[in-house]
Amino acid sequence: MPGRDLHTRVVGWLKVVLPLAALVILSTLFLLSDRIDPNAAIPYAEVDVEDLANDPRMSAPAYAGTTADGAGITLSASSVRPASEELGASAESVAARVETPDGQRIDIAAASAALDDADGVLSLSGGVTLETEAGYRVETDGMTARLDRTLVESASPVVVTAPMGDIRADSFAITQDAADPSAYLLVFKGGVKLVYQPGGQAP
């Protein structure tokens, strides 16, 4: 039939014309596209490769985990470098948050820190501050925090601003209550001195 023959011829022509048109379009795109200059550097890729090789580090790292007693730990730092030993790392401008299962939040900030991978201990130094939602602010030279369970402690003298006044102590610790595993204790040790402020809340 004439109509069917015409349809067959049109389909046959399209099978030839469409692939050719596609080739022409692709060729035009390649011809009109900008040439790549292999010598042109990426503007924001200003990396000192030699310096990075001599001093390997990671910028703005973050870590999140959960302790055996169910507390959540998050860590961040401005930079982290491998330690000189086989294991571990050192970090600068460290911020840590511990969220206990009973809903308490503890925020820690330090100028620097060292991580002992083998023992799971984070040693904070260079001036450390710790703040709790209960209104305690602890300042000390150094502090350690376990990554496998909730235990934050300092063997250095601490200065504490608390709801009931100011506290001075030779050391302190935040740990899980052995008598009630769902509770956590803030303990001050060694020559504890409290300067009570009237109107303050009892601990």
# chains A, B, ... in the order shown; residues from 1 in each chain; ligands from 1
call {"tool": "select_by_dssp", "arguments": {"residues": "region 37-161 of chain A", "states": "strand (DSSP E)", "output": "PyMOL selection string"}}
result
chain A and resi 58-59+62-66+72-76+79-82+89-99+105-116+121-132+137-140+143-146+151-154+158-161
call {"tool": "select_by_dssp", "arguments": {"residues": "region 38-191 of chain A", "states": "helix (DSSP H, G or I)", "output": "number ranges by chain"}}
result
A: 49-54
call {"tool": "write_last_selection", "arguments": {"atoms": "C-alpha atoms", "output": "PDB file, in the first residue's frame"}}
result
ATOM      1  CA  VAL A  49      52.773  19.143  49.003  1.00  0.00           C
ATOM      2  CA  GLU A  50      56.255  19.117  50.507  1.00  0.00           C
ATOM      3  CA  ASP A  51      54.990  20.569  53.785  1.00  0.00           C
ATOM      4  CA  LEU A  52      52.138  18.042  53.879  1.00  0.00           C
ATOM      5  CA  ALA A  53      54.575  15.186  53.306  1.00  0.00           C
ATOM      6  CA  ASN A  54      56.895  16.374  56.090  1.00  0.00           C
TER       7      ASN A  54
END
call {"tool": "closest_atom_pairs", "arguments": {"of": "region 146-201 of chain A", "to": "region 95-98 of chain A", "cutoff": "12 Å", "atoms": "only C-alpha atoms", "output": "JSON lines"}}
result
{"residue": "A:Arg146", "atom": "CA", "partner": "A:Val98", "partner_atom": "CA", "distance": 10.7}
{"residue": "A:Leu147", "atom": "CA", "partner": "A:Val98", "partner_atom": "CA", "distance": 9.9}
{"residue": "A:Asp148", "atom": "CA", "partner": "A:Val98", "partner_atom": "CA", "distance": 11.8}
{"residue": "A:Arg149", "atom": "CA", "partner": "A:Val98", "partner_atom": "CA", "distance": 10.4}
{"residue": "A:Thr150", "atom": "CA", "partner": "A:Val98", "partner_atom": "CA", "distance": 8.1}
{"residue": "A:Leu151", "atom": "CA", "partner": "A:Val98", "partner_atom": "CA", "distance": 10.1}
{"residue": "A:Val152", "atom": "CA", "partner": "A:Val98", "partner_atom": "CA", "distance": 9.7}
{"residue": "A:Ile174", "atom": "CA", "partner": "A:Val98", "partner_atom": "CA", "distance": 10.9}
{"residue": "A:Thr175", "atom": "CA", "partner": "A:Val98", "partner_atom": "CA", "distance": 11.7}
{"residue": "A:Tyr184", "atom": "CA", "partner": "A:Val98", "partner_atom": "CA", "distance": 11.9}
call {"tool": "closest_residue", "arguments": {"among": "A:Ala155, A:Met58, A:Val128, A:Val94", "to": "Ala114 (chain A)", "atoms": "only C-alpha atoms"}}
result
A:Val94
call {"tool": "residues_around", "arguments": {"residues": "Pro198 (chain A)", "least_positions_apart": "6", "cutoff": "12 Å", "atoms": "only C-alpha atoms", "output": "list in words"}}
result
Pro163, Met164, Gly165 and Asp166 of chain A
call {"tool": "residues_around", "arguments": {"residues": "Ala71 (chain A)", "least_positions_apart": "5", "cutoff": "6 Å", "atoms": "only C-alpha atoms", "output": "VMD selection string"}}
result
chain A and resid 66 99 to 101
call {"tool": "closest_atom_pairs", "arguments": {"of": "region 100-182 of chain A", "to": "region 74-93 of chain A", "cutoff": "10 Å", "atoms": "only C-alpha atoms", "output": "Markdown table"}}
result
| residue | atom | partner | partner_atom | distance |
| --- | --- | --- | --- | --- |
| A:Asp107 | CA | A:Thr74 | CA | 9.7 |
| A:Ile108 | CA | A:Leu75 | CA | 9.4 |
| A:Ala109 | CA | A:Ser93 | CA | 7.5 |
| A:Ala110 | CA | A:Ser93 | CA | 6.0 |
| A:Ala111 | CA | A:Ser93 | CA | 4.6 |
| A:Ser112 | CA | A:Glu92 | CA | 4.3 |
| A:Ala113 | CA | A:Ala91 | CA | 5.1 |
| A:Ala114 | CA | A:Ser90 | CA | 4.4 |
| A:Leu115 | CA | A:Gly88 | CA | 5.1 |
| A:Asp116 | CA | A:Gly88 | CA | 4.8 |
| A:Asp117 | CA | A:Gly88 | CA | 5.1 |
| A:Ala118 | CA | A:Leu87 | CA | 7.1 |
| A:Asp119 | CA | A:Gly88 | CA | 9.7 |
| A:Gly120 | CA | A:Gly88 | CA | 9.4 |
| A:Val121 | CA | A:Gly88 | CA | 9.7 |
| A:Leu122 | CA | A:Ser90 | CA | 9.5 |
| A:Ser123 | CA | A:Ser90 | CA | 9.4 |
| A:Leu124 | CA | A:Ala91 | CA | 9.3 |
| A:Ser125 | CA | A:Glu92 | CA | 9.8 |
| A:Gly126 | CA | A:Ser93 | CA | 9.6 |
| A:Leu147 | CA | A:Thr74 | CA | 9.9 |
call {"tool": "residues_around", "arguments": {"residues": "Ala134 (chain A)", "least_positions_apart": "3", "cutoff": "9 Å", "atoms": "only C-alpha atoms", "output": "PyMOL selection string"}}
result
chain A and resi 104-105+131+162-163+203
call {"tool": "write_last_selection", "arguments": {"atoms": "C-alpha atoms", "output": "CSV table (one decimal), in the first residue's frame"}}
result
chain,number,residue,atom,x,y,z
A,104,GLN,CA,23.3,15.0,81.3
A,105,ARG,CA,25.6,16.9,79.0
A,131,GLU,CA,31.0,22.6,81.9
A,162,ALA,CA,29.2,26.0,91.0
A,163,PRO,CA,25.6,27.0,91.7
A,203,PRO,CA,24.5,20.6,95.1
call {"tool": "closest_residue", "arguments": {"among": "A:Thr129, A:Gly72, A:Thr67, A:Val159", "to": "Gly103 (chain A)", "atoms": "only C-alpha atoms"}}
result
A:Gly72
